[in-house]
Amino acid sequence: MHSPEKIIIASRESQLAMWQANFIQNRLLELYPQTEITILGMTTKGDQILDISLSKIGGKGLFIKELEQALEDGRADIAVHSMKDVPMNMPPGFMLAAITEREDPCDAFVSNNYASLEELPAGSIVGTSSLRRESQVRARFPHLQVRPLRGNVQTRLRKLDEEEYSAIILAAAGLKRLELAYRIRSLLTPELSLPAVGQGALGIECREDRPELAQWLAPLHHAVTAHCVEAERAMSRVLGGSCQVPLGGFAEISEDVLTLRGFVATPDGTKMIADKLHGKPEGRELIGQQLAQNLKSQGADEILAALELGHD
């Protein structure tokens, strides 16, 4: 297989997105040292609208549409995304060519004065932009206040440092990638805060009519991570997963057994339906679909129907 002459990577311009694009650029340069690999930085609608929560303006797909446009019109060959930002249904003509090995999938508790959620006094303000995190914090710590928090990682940390919040919750992966792991006071175990579908993994997207790109990207594909993320996404797809739905999904593989955990909740955390399912990694899509059906039959259906009514 001949190596490509040049590859252009489309990326959002936030510091974390650029780290991710640089990471993929370096991995590709190791594989194809003769190739010219450049990054096309772009500002997306999701980056521009910071005063409204994502769930109200169309969800995380807002971070991706402009990048896909660049792929479509040939300005870029591939786009690098956080898998948790990738909509559950890929638009026609696009594919995920590779899913990279997962960084830490957990949520991180960040505070200047407290070591954990358990330590926060009643009435403390916790910042998060995620309904998934909000519902889990409210369910377990009803004495805390949860307030929206948007912006890139640095903006969120600055708001914490300016004492707008007692604590904030961020993805551990982003903090570690930006060499900000020292800000993490404690990691929230999946038992305490089930991660978002795809959290910690990167996805590389390209056009379906570019099979040669998928071949070039194959060495970056991490099968174990991909199997886990595909199970999580299959579950979320059946549940209509988006920013408007507080749900989490997290799969792990141990000794050739895939364990998938999932939950659906009301945003205030008063109702939470959670379950898990085991099976062979080869059956990952079916495991995801089956877990979603189990959650629905246990009452997730009612929660989802009520959320839909609220958004109409």
# chains A, B, ... in the order shown; residues from 1 in each chain; ligands from 1

$ select_by_dssp --residues "segment 56-219 of chain A" --states "helix (DSSP H, G or I)" --output "NGL selection string"
:A and (56-57 or 60-63 or 65-72 or 83-85 or 117-119 or 131-140 or 153-161 or 172-177 or 181-183 or 211-219)

$ residues_around --residues "Glu118 of chain A" --least-positions-apart "6" --cutoff "12 Å" --atoms "only C-alpha atoms" --output "PDB file with N, CA, C and O atoms, in the first residue's frame"
ATOM      1  N   PHE A 109     -13.801  15.219  39.358  1.00  0.00           N
ATOM      2  CA  PHE A 109     -14.275  16.248  40.290  1.00  0.00           C
ATOM      3  C   PHE A 109     -13.150  17.262  40.464  1.00  0.00           C
ATOM      4  O   PHE A 109     -12.024  16.903  40.816  1.00  0.00           O
ATOM      5  N   SER A 124     -23.988  24.004  48.045  1.00  0.00           N
ATOM      6  CA  SER A 124     -22.830  24.277  47.183  1.00  0.00           C
ATOM      7  C   SER A 124     -23.235  24.188  45.718  1.00  0.00           C
ATOM      8  O   SER A 124     -24.079  23.377  45.334  1.00  0.00           O
ATOM      9  N   VAL A 137     -25.643  13.678  39.778  1.00  0.00           N
ATOM     10  CA  VAL A 137     -25.303  14.450  40.984  1.00  0.00           C
ATOM     11  C   VAL A 137     -26.577  14.710  41.793  1.00  0.00           C
ATOM     12  O   VAL A 137     -26.607  14.512  43.021  1.00  0.00           O
ATOM     13  N   ARG A 140     -27.884  11.597  43.723  1.00  0.00           N
ATOM     14  CA  ARG A 140     -27.109  11.124  44.883  1.00  0.00           C
ATOM     15  C   ARG A 140     -26.849  12.216  45.916  1.00  0.00           C
ATOM     16  O   ARG A 140     -26.600  11.925  47.075  1.00  0.00           O
ATOM     17  N   PHE A 141     -26.872  13.469  45.458  1.00  0.00           N
ATOM     18  CA  PHE A 141     -26.577  14.580  46.373  1.00  0.00           C
ATOM     19  C   PHE A 141     -27.645  15.670  46.212  1.00  0.00           C
ATOM     20  O   PHE A 141     -27.358  16.777  45.745  1.00  0.00           O
ATOM     21  N   PRO A 142     -28.882  15.359  46.617  1.00  0.00           N
ATOM     22  CA  PRO A 142     -29.981  16.313  46.379  1.00  0.00           C
ATOM     23  C   PRO A 142     -29.803  17.645  47.110  1.00  0.00           C
ATOM     24  O   PRO A 142     -30.460  18.631  46.773  1.00  0.00           O
ATOM     25  N   HIS A 143     -28.878  17.694  48.087  1.00  0.00           N
ATOM     26  CA  HIS A 143     -28.653  18.934  48.845  1.00  0.00           C
ATOM     27  C   HIS A 143     -27.737  19.908  48.094  1.00  0.00           C
ATOM     28  O   HIS A 143     -27.516  21.033  48.543  1.00  0.00           O
ATOM     29  N   LEU A 144     -27.197  19.487  46.935  1.00  0.00           N
ATOM     30  CA  LEU A 144     -26.316  20.376  46.163  1.00  0.00           C
ATOM     31  C   LEU A 144     -27.105  21.081  45.064  1.00  0.00           C
ATOM     32  O   LEU A 144     -28.116  20.587  44.586  1.00  0.00           O
ATOM     33  N   ALA A 167     -17.477  23.658  42.859  1.00  0.00           N
ATOM     34  CA  ALA A 167     -16.807  22.546  42.186  1.00  0.00           C
ATOM     35  C   ALA A 167     -17.372  22.431  40.785  1.00  0.00           C
ATOM     36  O   ALA A 167     -18.486  22.903  40.506  1.00  0.00           O
ATOM     37  N   SER A 186     -10.547  14.364  42.571  1.00  0.00           N
ATOM     38  CA  SER A 186     -10.892  12.938  42.652  1.00  0.00           C
ATOM     39  C   SER A 186     -11.565  12.516  41.353  1.00  0.00           C
ATOM     40  O   SER A 186     -12.163  13.337  40.657  1.00  0.00           O
ATOM     41  N   LEU A 188     -14.463  10.337  39.558  1.00  0.00           N
ATOM     42  CA  LEU A 188     -15.764   9.768  39.895  1.00  0.00           C
ATOM     43  C   LEU A 188     -15.841   8.388  39.255  1.00  0.00           C
ATOM     44  O   LEU A 188     -15.786   8.265  38.032  1.00  0.00           O
ATOM     45  N   LEU A 192     -20.390   5.933  40.593  1.00  0.00           N
ATOM     46  CA  LEU A 192     -20.878   7.231  41.078  1.00  0.00           C
ATOM     47  C   LEU A 192     -21.373   8.107  39.928  1.00  0.00           C
ATOM     48  O   LEU A 192     -22.371   8.821  40.056  1.00  0.00           O
TER      49      LEU A 192
END

$ select_by_dssp --residues "segment 110-236 of chain A" --states "strand (DSSP E or B)" --output "VMD selection string"
chain A and resid 110 125 to 127 145 to 147 167 to 171 186 to 188 202 to 207

$ write_last_selection --atoms "C-alpha atoms" --output "PDB file, in the first residue's frame"
ATOM      1  CA  VAL A 110     -12.444  19.589  40.247  1.00  0.00           C
ATOM      2  CA  ILE A 125     -22.938  25.074  43.464  1.00  0.00           C
ATOM      3  CA  VAL A 126     -21.649  22.371  41.112  1.00  0.00           C
ATOM      4  CA  GLY A 127     -21.043  23.325  37.465  1.00  0.00           C
ATOM      5  CA  GLN A 145     -27.205  22.956  43.492  1.00  0.00           C
ATOM      6  CA  VAL A 146     -26.295  22.165  39.872  1.00  0.00           C
ATOM      7  CA  ARG A 147     -25.772  25.099  37.495  1.00  0.00           C
ATOM      8  CA  ALA A 167     -16.807  22.546  42.186  1.00  0.00           C
ATOM      9  CA  ILE A 168     -17.106  21.541  38.554  1.00  0.00           C
ATOM     10  CA  ILE A 169     -17.220  18.169  36.811  1.00  0.00           C
ATOM     11  CA  LEU A 170     -15.223  17.601  33.631  1.00  0.00           C
ATOM     12  CA  ALA A 171     -14.070  14.600  31.608  1.00  0.00           C
ATOM     13  CA  SER A 186     -10.892  12.938  42.652  1.00  0.00           C
ATOM     14  CA  LEU A 187     -12.094  10.670  39.870  1.00  0.00           C
ATOM     15  CA  LEU A 188     -15.764   9.768  39.895  1.00  0.00           C
ATOM     16  CA  LEU A 202     -11.308   9.705  19.646  1.00  0.00           C
ATOM     17  CA  GLY A 203     -13.029   9.002  16.346  1.00  0.00           C
ATOM     18  CA  ILE A 204     -11.636   9.746  12.900  1.00  0.00           C
ATOM     19  CA  GLU A 205     -14.275  10.514  10.300  1.00  0.00           C
ATOM     20  CA  CYS A 206     -13.982  10.532   6.530  1.00  0.00           C
ATOM     21  CA  ARG A 207     -16.211  10.289   3.467  1.00  0.00           C
TER      22      ARG A 207
END

$ residues_around --residues "Asp268 of chain A" --least-positions-apart "3" --cutoff "10 Å" --atoms "only C-alpha atoms" --output "VMD selection string"
chain A and resid 131 134 to 139 142 146 246 265 271 to 272

$ closest_residue --among "A:Ala305, A:Ala292, A:Val229, A:Ala17" --to "Val153 of chain A" --atoms "only C-alpha atoms"
A:Ala17

$ residues_around --residues "segment 29-35 of chain A" --least-positions-apart "3" --cutoff "9 Å" --atoms "only C-alpha atoms" --output "MDAnalysis selection string"
chainID A and resid 3:7 24:26 216 219

$ write_last_selection --atoms "N, CA, C and O atoms" --output "PDB file, in the first residue's frame"
ATOM      1  N   SER A   3       2.001   5.114   0.494  1.00  0.00           N
ATOM      2  CA  SER A   3       1.582   6.095   1.500  1.00  0.00           C
ATOM      3  C   SER A   3       1.022   7.332   0.796  1.00  0.00           C
ATOM      4  O   SER A   3       1.415   7.661  -0.319  1.00  0.00           O
ATOM      5  N   PRO A   4       0.090   8.026   1.465  1.00  0.00           N
ATOM      6  CA  PRO A   4      -0.546   9.197   0.846  1.00  0.00           C
ATOM      7  C   PRO A   4       0.448  10.344   0.661  1.00  0.00           C
ATOM      8  O   PRO A   4       1.417  10.453   1.418  1.00  0.00           O
ATOM      9  N   GLU A   5       0.191  11.188  -0.325  1.00  0.00           N
ATOM     10  CA  GLU A   5       1.049  12.368  -0.529  1.00  0.00           C
ATOM     11  C   GLU A   5       0.769  13.421   0.527  1.00  0.00           C
ATOM     12  O   GLU A   5       1.671  14.025   1.087  1.00  0.00           O
ATOM     13  N   LYS A   6      -0.530  13.665   0.756  1.00  0.00           N
ATOM     14  CA  LYS A   6      -0.878  14.637   1.799  1.00  0.00           C
ATOM     15  C   LYS A   6      -2.217  14.286   2.430  1.00  0.00           C
ATOM     16  O   LYS A   6      -3.085  13.698   1.795  1.00  0.00           O
ATOM     17  N   ILE A   7      -2.362  14.640   3.706  1.00  0.00           N
ATOM     18  CA  ILE A   7      -3.619  14.454   4.428  1.00  0.00           C
ATOM     19  C   ILE A   7      -3.914  15.753   5.164  1.00  0.00           C
ATOM     20  O   ILE A   7      -3.044  16.298   5.858  1.00  0.00           O
ATOM     21  N   ILE A  24      -3.277  12.921  16.449  1.00  0.00           N
ATOM     22  CA  ILE A  24      -3.498  12.066  15.269  1.00  0.00           C
ATOM     23  C   ILE A  24      -2.473  12.399  14.183  1.00  0.00           C
ATOM     24  O   ILE A  24      -1.934  11.506  13.514  1.00  0.00           O
ATOM     25  N   GLN A  25      -2.179  13.681  14.017  1.00  0.00           N
ATOM     26  CA  GLN A  25      -1.158  14.102  13.045  1.00  0.00           C
ATOM     27  C   GLN A  25       0.177  13.409  13.335  1.00  0.00           C
ATOM     28  O   GLN A  25       0.821  12.848  12.430  1.00  0.00           O
ATOM     29  N   ASN A  26       0.594  13.405  14.603  1.00  0.00           N
ATOM     30  CA  ASN A  26       1.870  12.785  14.975  1.00  0.00           C
ATOM     31  C   ASN A  26       1.858  11.278  14.782  1.00  0.00           C
ATOM     32  O   ASN A  26       2.854  10.688  14.336  1.00  0.00           O
ATOM     33  N   TRP A 216      -5.410   3.625   5.313  1.00  0.00           N
ATOM     34  CA  TRP A 216      -4.275   4.334   5.913  1.00  0.00           C
ATOM     35  C   TRP A 216      -4.459   4.515   7.417  1.00  0.00           C
ATOM     36  O   TRP A 216      -3.494   4.539   8.177  1.00  0.00           O
ATOM     37  N   PRO A 219      -4.106   1.344  11.171  1.00  0.00           N
ATOM     38  CA  PRO A 219      -3.206   1.098  12.311  1.00  0.00           C
ATOM     39  C   PRO A 219      -3.572   1.903  13.571  1.00  0.00           C
ATOM     40  O   PRO A 219      -3.130   1.574  14.669  1.00  0.00           O
TER      41      PRO A 219
END

$ closest_residue --among "A:Gly269, A:Gly279, A:Gly288, A:Gly299" --to "Arg133 of chain A" --atoms "only C-alpha atoms"
A:Gly269

$ residues_around --residues "Ser236 of chain A" --least-positions-apart "5" --cutoff "12 Å" --atoms "only C-alpha atoms" --output "ChimeraX atom specification"
/A:84,86-89,196-198,229-231,241-243,245-250,260-264,285,287-293,295-296,304

$ write_last_selection --atoms "N, CA, C and O atoms" --output "short mmCIF file (atom, residue, chain, number, x, y, z; two decimals), in the first residue's frame"
data_model
loop_
_atom_site.label_atom_id
_atom_site.label_comp_id
_atom_site.auth_asym_id
_atom_site.auth_seq_id
_atom_site.Cartn_x
_atom_site.Cartn_y
_atom_site.Cartn_z
N LYS A 84 -17.59 11.15 22.22
CA LYS A 84 -18.82 11.51 22.93
C LYS A 84 -19.56 12.66 22.25
O LYS A 84 -20.72 12.92 22.56
N VAL A 86 -19.90 12.70 18.86
CA VAL A 86 -20.35 12.22 17.54
C VAL A 86 -21.80 11.74 17.63
O VAL A 86 -22.10 10.85 18.42
N PRO A 87 -22.71 12.34 16.83
CA PRO A 87 -24.10 11.90 16.87
C PRO A 87 -24.22 10.38 16.62
O PRO A 87 -23.37 9.80 15.95
N MET A 88 -25.26 9.78 17.20
CA MET A 88 -25.38 8.31 17.17
C MET A 88 -25.59 7.77 15.76
O MET A 88 -25.25 6.64 15.46
N ASN A 89 -26.18 8.58 14.90
CA ASN A 89 -26.37 8.16 13.50
C ASN A 89 -25.49 9.03 12.61
O ASN A 89 -25.66 10.24 12.57
N ALA A 196 -20.26 9.21 29.75
CA ALA A 196 -21.00 9.39 28.50
C ALA A 196 -20.58 8.32 27.50
O ALA A 196 -19.46 7.80 27.56
N VAL A 197 -21.48 8.00 26.62
CA VAL A 197 -21.19 7.07 25.52
C VAL A 197 -19.96 7.58 24.75
O VAL A 197 -19.94 8.73 24.31
N GLY A 198 -18.94 6.74 24.63
CA GLY A 198 -17.75 7.11 23.86
C GLY A 198 -16.74 7.97 24.59
O GLY A 198 -15.70 8.33 24.02
N VAL A 229 -17.16 1.03 22.53
CA VAL A 229 -17.86 2.24 22.08
C VAL A 229 -19.04 1.87 21.17
O VAL A 229 -20.12 2.49 21.25
N GLU A 230 -18.87 0.86 20.34
CA GLU A 230 -19.97 0.44 19.44
C GLU A 230 -21.15 -0.12 20.24
O GLU A 230 -22.31 0.10 19.89
N ALA A 231 -20.86 -0.84 21.34
CA ALA A 231 -21.94 -1.34 22.21
C ALA A 231 -22.68 -0.17 22.86
O ALA A 231 -23.92 -0.13 22.89
N GLY A 241 -30.53 8.62 22.05
CA GLY A 241 -29.56 9.39 22.83
C GLY A 241 -29.13 10.68 22.16
O GLY A 241 -28.80 10.71 20.98
N SER A 242 -29.15 11.75 22.93
CA SER A 242 -28.68 13.06 22.45
C SER A 242 -28.44 13.90 23.70
O SER A 242 -28.60 13.42 24.81
N CYS A 243 -28.09 15.16 23.50
CA CYS A 243 -27.87 16.05 24.66
C CYS A 243 -29.14 16.27 25.45
O CYS A 243 -29.11 16.69 26.59
N VAL A 245 -31.24 14.05 26.37
CA VAL A 245 -31.58 12.88 27.19
C VAL A 245 -30.47 12.62 28.20
O VAL A 245 -29.33 12.38 27.81
N PRO A 246 -30.79 12.66 29.51
CA PRO A 246 -29.77 12.30 30.50
C PRO A 246 -29.56 10.78 30.50
O PRO A 246 -30.34 10.04 31.08
N LEU A 247 -28.54 10.35 29.77
CA LEU A 247 -28.25 8.92 29.78
C LEU A 247 -26.75 8.71 29.77
O LEU A 247 -25.98 9.54 29.29
N GLY A 248 -26.33 7.58 30.30
CA GLY A 248 -24.92 7.21 30.29
C GLY A 248 -24.80 5.79 29.79
O GLY A 248 -25.74 4.99 29.92
N GLY A 249 -23.67 5.46 29.21
CA GLY A 249 -23.42 4.10 28.75
C GLY A 249 -21.92 3.83 28.79
O GLY A 249 -21.14 4.65 28.30
N PHE A 250 -21.54 2.73 29.39
CA PHE A 250 -20.11 2.44 29.52
C PHE A 250 -19.87 0.94 29.46
O PHE A 250 -20.47 0.18 30.21
N LEU A 260 -21.72 -4.17 29.62
CA LEU A 260 -22.24 -2.84 29.29
C LEU A 260 -23.20 -2.40 30.38
O LEU A 260 -24.12 -3.12 30.75
N ARG A 261 -22.94 -1.20 30.91
CA ARG A 261 -23.85 -0.60 31.89
C ARG A 261 -24.51 0.62 31.25
O ARG A 261 -23.86 1.35 30.50
N GLY A 262 -25.76 0.84 31.59
CA GLY A 262 -26.45 2.00 31.05
C GLY A 262 -27.49 2.53 32.02
O GLY A 262 -27.94 1.83 32.92
N PHE A 263 -27.82 3.82 31.86
CA PHE A 263 -28.91 4.38 32.67
C PHE A 263 -29.61 5.48 31.88
O PHE A 263 -29.04 6.10 30.97
N VAL A 264 -30.87 5.70 32.24
CA VAL A 264 -31.65 6.85 31.75
C VAL A 264 -32.27 7.48 32.99
O VAL A 264 -32.71 6.77 33.90
N GLU A 285 -23.26 -5.02 19.26
CA GLU A 285 -24.43 -4.23 18.81
C GLU A 285 -25.70 -4.78 19.46
O GLU A 285 -26.54 -4.02 19.94
N ILE A 287 -25.92 -6.55 22.21
CA ILE A 287 -25.89 -6.29 23.67
C ILE A 287 -26.41 -4.88 23.93
O ILE A 287 -27.24 -4.66 24.82
N GLY A 288 -25.94 -3.92 23.13
CA GLY A 288 -26.39 -2.53 23.29
C GLY A 288 -27.88 -2.38 23.06
O GLY A 288 -28.59 -1.74 23.85
N GLN A 289 -28.37 -3.01 22.00
CA GLN A 289 -29.80 -2.91 21.68
C GLN A 289 -30.64 -3.58 22.76
O GLN A 289 -31.68 -3.04 23.17
N GLN A 290 -30.16 -4.74 23.23
CA GLN A 290 -30.92 -5.47 24.25
C GLN A 290 -30.97 -4.71 25.58
O GLN A 290 -32.01 -4.64 26.23
N LEU A 291 -29.82 -4.12 25.96
CA LEU A 291 -29.81 -3.34 27.21
C LEU A 291 -30.78 -2.17 27.12
O LEU A 291 -31.50 -1.87 28.07
N ALA A 292 -30.81 -1.51 25.96
CA ALA A 292 -31.74 -0.40 25.76
C ALA A 292 -33.19 -0.87 25.93
O ALA A 292 -34.00 -0.20 26.58
N GLN A 293 -33.50 -2.03 25.36
CA GLN A 293 -34.87 -2.56 25.49
C GLN A 293 -35.18 -2.89 26.95
O GLN A 293 -36.29 -2.63 27.43
N LEU A 295 -33.92 -1.42 29.59
CA LEU A 295 -34.14 -0.15 30.29
C LEU A 295 -35.53 0.40 29.97
O LEU A 295 -36.24 0.89 30.86
N LYS A 296 -35.92 0.29 28.69
CA LYS A 296 -37.24 0.78 28.29
C LYS A 296 -38.35 0.04 29.03
O LYS A 296 -39.28 0.65 29.54
N LEU A 304 -38.36 8.95 28.71
CA LEU A 304 -38.05 9.46 27.36
C LEU A 304 -39.25 10.17 26.76
O LEU A 304 -39.13 11.22 26.14
#

$ closest_residue --among "A:Leu286, A:Met42, A:Ala10, A:Ile78" --to "Leu213 of chain A" --atoms "only C-alpha atoms"
A:Ile78

$ closest_residue --among "A:Leu67, A:Leu16, A:Met90, A:Met95" --to "Pro211 of chain A" --atoms "only C-alpha atoms"
A:Met95
